[in-house]
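Before any comments, here is the structure.
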Protein chains: 2
Amino acid sequence: MFRISKMTDYGTVVLSQLGDDGSLPTSASDVASRTGLGTATVSKLLKSLGRANLVTAQRGSNGGYYLSRPAESISAAEIIDAIEGPLAITECSSDHQQCDIRAVCSVGSAWQSINRAIRSTLVSISLADLKNNRAIPDVIPLTPMMSQANNTRLDVRANLAKGQ
Amino acid sequence: MFRISKMTDYGTVVLSQLGDDGSLPTSASDVASRTGLGTATVSKLLKSLGRANLVTAQRGSNGGYYLSRPAESISAAEIIDAIEGPLAITECSSDHQQCDIRAVCSVGSAWQSINRAIRSTLVSISLADLKNNRAIPDVIPLTPMMSQANNTRLDVRANLAKGQ
DNA sequence: TTAAATAGGACTAAAATAGTACGCTTTAAA
DNA sequence: TTTAAAGCGTACTATTTTAGTCCTATTTAA
C-alpha cells in the first residue's frame, strides 16, 4: 500500500554511510563495497541525492560525497523526493484547475488530506532516526550476500551488520 | 511518493455507486456505463472488493452488488487492501524472523513506524468521507470521455458530475 | 429454458522501476 | 604536467508491476 521503493531504501543505507560536512568524502565505490550494492547503482543514487542537495560531491581524485547537512536535519520526505521524484500526488490542492496533472490525478480532496497527513509524518522523521534504527537487531543476517535470489531486495543492512 | 493506484481510485468511485444492504443490487455494467470505466475493469474491481467482503454479490439475472456494510464503516485502508492486496510493508513488525517477506522487506523499524502512522490515517477515513468529497466541485469536466489520452487516468469523477 | 448476472482465471499490453554502460569532466598527487 | 581516481550525464536494457481484456463456468430470476 505504502511501499518505499527499493531505491529509496537503498538510498537511506547509502546516506547512512556518509560523514557530515567537514569529514573526508566517501567515494561511491567505498559505499558500494561496504553495503554490497552495485557501484553503478550507488553512483546513481548519490547523483540523485546530490541534485537534491542532500549530499555534496567532491570531484576529482580522493573525492567522494558527504552530507550537506547534519543527519538530524534531513527528513525522510526529502530522501523520498530526491530519489523517487516529486511525482507524488501532493500539491494540486488549492488551484486544481492550474494543476498540470489534474487529468492524471483525479484524487478527490479526501485523498489529498490523506496525502498531506502522510507527508507530515515523513517530514517528522530524520535520517538520524533512520540510522539509529540500524542498531536495533532487527534483521538476522542469514547467508547475506549469497541469498539474494533475484527479484529480491538486497538485505544491505545485514551486510552492514556483519561489519564491512 | 505515496500514490494510490488508478485501480484503487477507480475502486472508490465504483463503491460510491453501490447502495447499502437492502437496496437493489447494482450490476457491474450499470456501474460501468455510469462512470465511463470499462465493464471488464469494473467487474474485476468488484470481484476484488467482493473477496474482501466489502461488497456482496447477488448472482443470476437481475443480480449485482451492494455494500456489505454502510459506507461509514468501510475504511480507505480496507479498500486499498482489497484492491492492491496486502502486499504492503506492514506487518512484519513484531516477529521479524517469521515474516515471509523479510528478505524483500529490509525496512528498519523506523520505516515500520512510518508505515503504521500512515495506516492509521487510512483507517480513520471512511468510504462515506470519500464520497462526500465528490460533492466538492473540484474537478472541472473538460471534454470528459474524449480527452482520455492513453496513459491517463480516466476522470471518472467528471463523468459522474455530468449526471449519469 | 433462457438470458442476465457474477466467478475465476489466464492472458496481453503498457508503464514504472531497477540496474548497467559509456564517454566526458574535474582534480589531487606523483 | 601527466595520470588516475573520482564524479557527471545520459542513454540503454531488463525486469517487475500495473492495467486492462477475454473466455468459460456457474448461478438464478423470469
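Order determines the names: the first chain of the C-alpha cells is A, the second B, and so forth; residues in each chain are numbered 1 upward, and ligands are numbered 1 upward as they are shown.
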Check your understanding: Using only C-alpha atoms (C1' of nucleotides), which chain D residues lie at most 9 Å away from chain A, written as a PyMOL selection string?
Key -> chain D and resi 4-8+15-16
Residue subset to file, keeping N, CA and C atoms (P, O5', C5', C4', C3', O3' and C1' of nucleotides), as a PDB file, in the first residue's frame:
ATOM      1  P    DA D   4      47.857   6.076 -15.231  1.00  0.00           P
ATOM      2  O5'  DA D   4      46.950   5.856 -13.953  1.00  0.00           O
ATOM      3  C5'  DA D   4      47.444   6.245 -12.675  1.00  0.00           C
ATOM      4  C4'  DA D   4      46.283   6.688 -11.817  1.00  0.00           C
ATOM      5  C3'  DA D   4      45.011   5.852 -11.982  1.00  0.00           C
ATOM      6  O3'  DA D   4      44.404   5.755 -10.715  1.00  0.00           O
ATOM      7  C1'  DA D   4      44.492   8.072 -12.388  1.00  0.00           C
ATOM      8  P    DA D   5      43.531   4.523 -10.332  1.00  0.00           P
ATOM      9  O5'  DA D   5      42.651   5.139  -9.148  1.00  0.00           O
ATOM     10  C5'  DA D   5      43.227   6.112  -8.284  1.00  0.00           C
ATOM     11  C4'  DA D   5      42.195   7.166  -7.961  1.00  0.00           C
ATOM     12  C3'  DA D   5      40.792   6.619  -7.741  1.00  0.00           C
ATOM     13  O3'  DA D   5      40.244   7.256  -6.596  1.00  0.00           O
ATOM     14  C1'  DA D   5      40.735   8.326  -9.361  1.00  0.00           C
ATOM     15  P    DA D   6      39.035   6.634  -5.819  1.00  0.00           P
ATOM     16  O5'  DA D   6      37.861   7.009  -6.824  1.00  0.00           O
ATOM     17  C5'  DA D   6      36.702   7.587  -6.314  1.00  0.00           C
ATOM     18  C4'  DA D   6      36.578   9.051  -6.772  1.00  0.00           C
ATOM     19  C3'  DA D   6      35.205   9.342  -7.319  1.00  0.00           C
ATOM     20  O3'  DA D   6      34.355   9.672  -6.236  1.00  0.00           O
ATOM     21  C1'  DA D   6      36.904  10.319  -8.670  1.00  0.00           C
ATOM     22  P    DG D   7      32.838   9.279  -6.415  1.00  0.00           P
ATOM     23  O5'  DG D   7      32.326  10.504  -7.282  1.00  0.00           O
ATOM     24  C5'  DG D   7      32.382  11.809  -6.712  1.00  0.00           C
ATOM     25  C4'  DG D   7      32.092  12.854  -7.777  1.00  0.00           C
ATOM     26  C3'  DG D   7      30.645  12.863  -8.268  1.00  0.00           C
ATOM     27  O3'  DG D   7      30.268  14.201  -8.589  1.00  0.00           O
ATOM     28  C1'  DG D   7      32.078  12.413 -10.062  1.00  0.00           C
ATOM     29  P    DC D   8      28.799  14.510  -9.053  1.00  0.00           P
ATOM     30  O5'  DC D   8      28.935  14.440 -10.645  1.00  0.00           O
ATOM     31  C5'  DC D   8      29.514  15.533 -11.328  1.00  0.00           C
ATOM     32  C4'  DC D   8      28.949  15.598 -12.745  1.00  0.00           C
ATOM     33  C3'  DC D   8      27.441  15.386 -12.832  1.00  0.00           C
ATOM     34  O3'  DC D   8      26.906  16.393 -13.676  1.00  0.00           O
ATOM     35  C1'  DC D   8      28.572  13.830 -14.220  1.00  0.00           C
ATOM     36  P    DT D  15      16.178  -9.928 -17.465  1.00  0.00           P
ATOM     37  O5'  DT D  15      15.203  -9.533 -16.273  1.00  0.00           O
ATOM     38  C5'  DT D  15      15.719  -8.689 -15.239  1.00  0.00           C
ATOM     39  C4'  DT D  15      14.584  -8.029 -14.539  1.00  0.00           C
ATOM     40  C3'  DT D  15      13.415  -8.956 -14.234  1.00  0.00           C
ATOM     41  O3'  DT D  15      13.328  -8.963 -12.835  1.00  0.00           O
ATOM     42  C1'  DT D  15      12.669  -6.850 -15.035  1.00  0.00           C
ATOM     43  P    DT D  16      12.330  -9.976 -12.063  1.00  0.00           P
ATOM     44  O5'  DT D  16      11.158  -8.975 -11.656  1.00  0.00           O
ATOM     45  C5'  DT D  16      11.520  -7.707 -11.102  1.00  0.00           C
ATOM     46  C4'  DT D  16      10.310  -6.833 -11.023  1.00  0.00           C
ATOM     47  C3'  DT D  16       9.052  -7.551 -10.557  1.00  0.00           C
ATOM     48  O3'  DT D  16       8.606  -6.836  -9.443  1.00  0.00           O
ATOM     49  C1'  DT D  16       8.608  -6.226 -12.466  1.00  0.00           C
TER      50       DT D  16
END
Using only C-alpha atoms (C1' of nucleotides), find each residue of chain C with at least one atom at most 9 Å away from an atom of chain B; report its shortest atom-to-atom pair and that distance in Å (one decimal), sort the rows by chain and rising residue number, and return the result as JSON lines.
{"residue": "C:DA3", "atom": "C1'", "partner": "B:Ser61", "partner_atom": "CA", "distance": 7.5}
{"residue": "C:DA4", "atom": "C1'", "partner": "B:Ser61", "partner_atom": "CA", "distance": 4.3}
{"residue": "C:DA5", "atom": "C1'", "partner": "B:Gly60", "partner_atom": "CA", "distance": 4.4}
{"residue": "C:DT6", "atom": "C1'", "partner": "B:Arg59", "partner_atom": "CA", "distance": 5.0}
{"residue": "C:DA7", "atom": "C1'", "partner": "B:Lys47", "partner_atom": "CA", "distance": 7.8}
{"residue": "C:DA14", "atom": "C1'", "partner": "B:Asn151", "partner_atom": "CA", "distance": 8.3}
{"residue": "C:DA15", "atom": "C1'", "partner": "B:Asn151", "partner_atom": "CA", "distance": 8.1}
Produce a file of the selected residues containing N, CA and C atoms (P, O5', C5', C4', C3', O3' and C1' of nucleotides), as a short mmCIF file (atom, residue, chain, number, x, y, z; two decimals), in the first residue's frame.
data_model
loop_
_atom_site.label_atom_id
_atom_site.label_comp_id
_atom_site.auth_asym_id
_atom_site.auth_seq_id
_atom_site.Cartn_x
_atom_site.Cartn_y
_atom_site.Cartn_z
P DA C 3 -32.15 -16.52 -24.92
"O5'" DA C 3 -31.91 -15.16 -24.14
"C5'" DA C 3 -32.98 -14.57 -23.43
"C4'" DA C 3 -32.44 -13.91 -22.18
"C3'" DA C 3 -31.12 -13.16 -22.38
"O3'" DA C 3 -31.17 -12.00 -21.60
"C1'" DA C 3 -30.85 -14.71 -20.66
P DA C 4 -30.28 -10.75 -21.96
"O5'" DA C 4 -29.96 -10.17 -20.52
"C5'" DA C 4 -30.98 -10.15 -19.53
"C4'" DA C 4 -30.33 -10.35 -18.17
"C3'" DA C 4 -29.05 -9.53 -17.97
"O3'" DA C 4 -29.09 -8.95 -16.68
"C1'" DA C 4 -28.63 -11.80 -17.50
P DA C 5 -28.37 -7.54 -16.40
"O5'" DA C 5 -27.45 -7.83 -15.17
"C5'" DA C 5 -26.34 -8.69 -15.32
"C4'" DA C 5 -26.19 -9.55 -14.09
"C3'" DA C 5 -24.72 -9.64 -13.67
"O3'" DA C 5 -24.51 -8.82 -12.54
"C1'" DA C 5 -25.65 -11.81 -13.99
P DT C 6 -22.90 -8.43 -12.33
"O5'" DT C 6 -22.36 -9.70 -11.53
"C5'" DT C 6 -22.95 -10.04 -10.26
"C4'" DT C 6 -22.43 -11.39 -9.81
"C3'" DT C 6 -20.94 -11.41 -9.45
"O3'" DT C 6 -20.75 -12.25 -8.31
"C1'" DT C 6 -21.34 -12.98 -11.15
P DA C 7 -19.26 -12.53 -7.79
"O5'" DA C 7 -18.76 -13.79 -8.65
"C5'" DA C 7 -19.23 -15.09 -8.32
"C4'" DA C 7 -18.14 -16.13 -8.58
"C3'" DA C 7 -16.74 -15.70 -8.18
"O3'" DA C 7 -16.12 -16.81 -7.53
"C1'" DA C 7 -16.81 -16.15 -10.52
P DA C 14 0.13 -1.67 -26.01
"O5'" DA C 14 0.49 -0.78 -24.74
"C5'" DA C 14 -0.55 -0.44 -23.82
"C4'" DA C 14 0.06 -0.08 -22.51
"C3'" DA C 14 1.21 0.93 -22.61
"O3'" DA C 14 0.92 1.90 -21.65
"C1'" DA C 14 1.85 -0.87 -21.25
P DA C 15 1.52 3.39 -21.85
"O5'" DA C 15 2.17 3.64 -20.42
"C5'" DA C 15 1.40 3.28 -19.27
"C4'" DA C 15 2.33 2.89 -18.16
"C3'" DA C 15 3.48 3.87 -17.92
"O3'" DA C 15 3.29 4.35 -16.62
"C1'" DA C 15 4.22 1.61 -17.83
#
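Our summary of the geometry notes that CA of Ile118 (chain A) is positioned 5.6 Å from CA of Ile118 (chain B).
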Show me, as an mmCIF file with C-alpha atoms (C1' of nucleotides), in the first residue's frame, the residues that have an atom within 12 Å of DA11 (chain D) when counting only C-alpha atoms (C1' of nucleotides), minus same-chain residues fewer than 4 positions from it.
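The file below, result_2.cif, is the result:
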data_model
loop_
_atom_site.group_PDB
_atom_site.id
_atom_site.type_symbol
_atom_site.label_atom_id
_atom_site.label_comp_id
_atom_site.auth_asym_id
_atom_site.auth_seq_id
_atom_site.Cartn_x
_atom_site.Cartn_y
_atom_site.Cartn_z
ATOM 1 C "C1'" DT C 20 24.163 -1.152 -16.350
ATOM 2 C "C1'" DA C 21 27.397 1.019 -19.545
ATOM 3 C "C1'" DC C 22 29.967 4.549 -21.615
ATOM 4 C "C1'" DG C 23 32.270 8.733 -22.775
#
Review point. Which value, in Å to one decimal, gives the distance between CA of Ile125 (chain A) and CA of Glu78 (chain A)?
Key: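 That distance, rounded to one decimal, is 10.0 Å.
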Point to revise | Gap from CA of Trp111 (chain B) to CA of Ile4 (chain A) - Å, one decimal | key: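 Distance reported for this atom pair: 8.6 Å.
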Practice item. For Ile80 (chain A), work out the shell of residues within 12 Å, counting only C-alpha atoms (C1' of nucleotides) and skipping chain neighbours fewer than 5 positions away, then give it as number ranges by chain. Key: A: 3-12, 45, 48-49, 52, 54, 74-75, 85-88, 119, 122-123, 125-127; B: 1-2, 111
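Compared by their closest atoms to DC23 (chain D), and using only C-alpha atoms (C1' of nucleotides), the residues C:DA18, C:DA30, C:DC11, C:DC24 rank with C:DC11 nearest.
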Review point. Using only C-alpha atoms, which residue out of B:Ala128, B:Val55, B:Leu24, B:Ile114 lies closest to chain A?
Key: B:Ile114
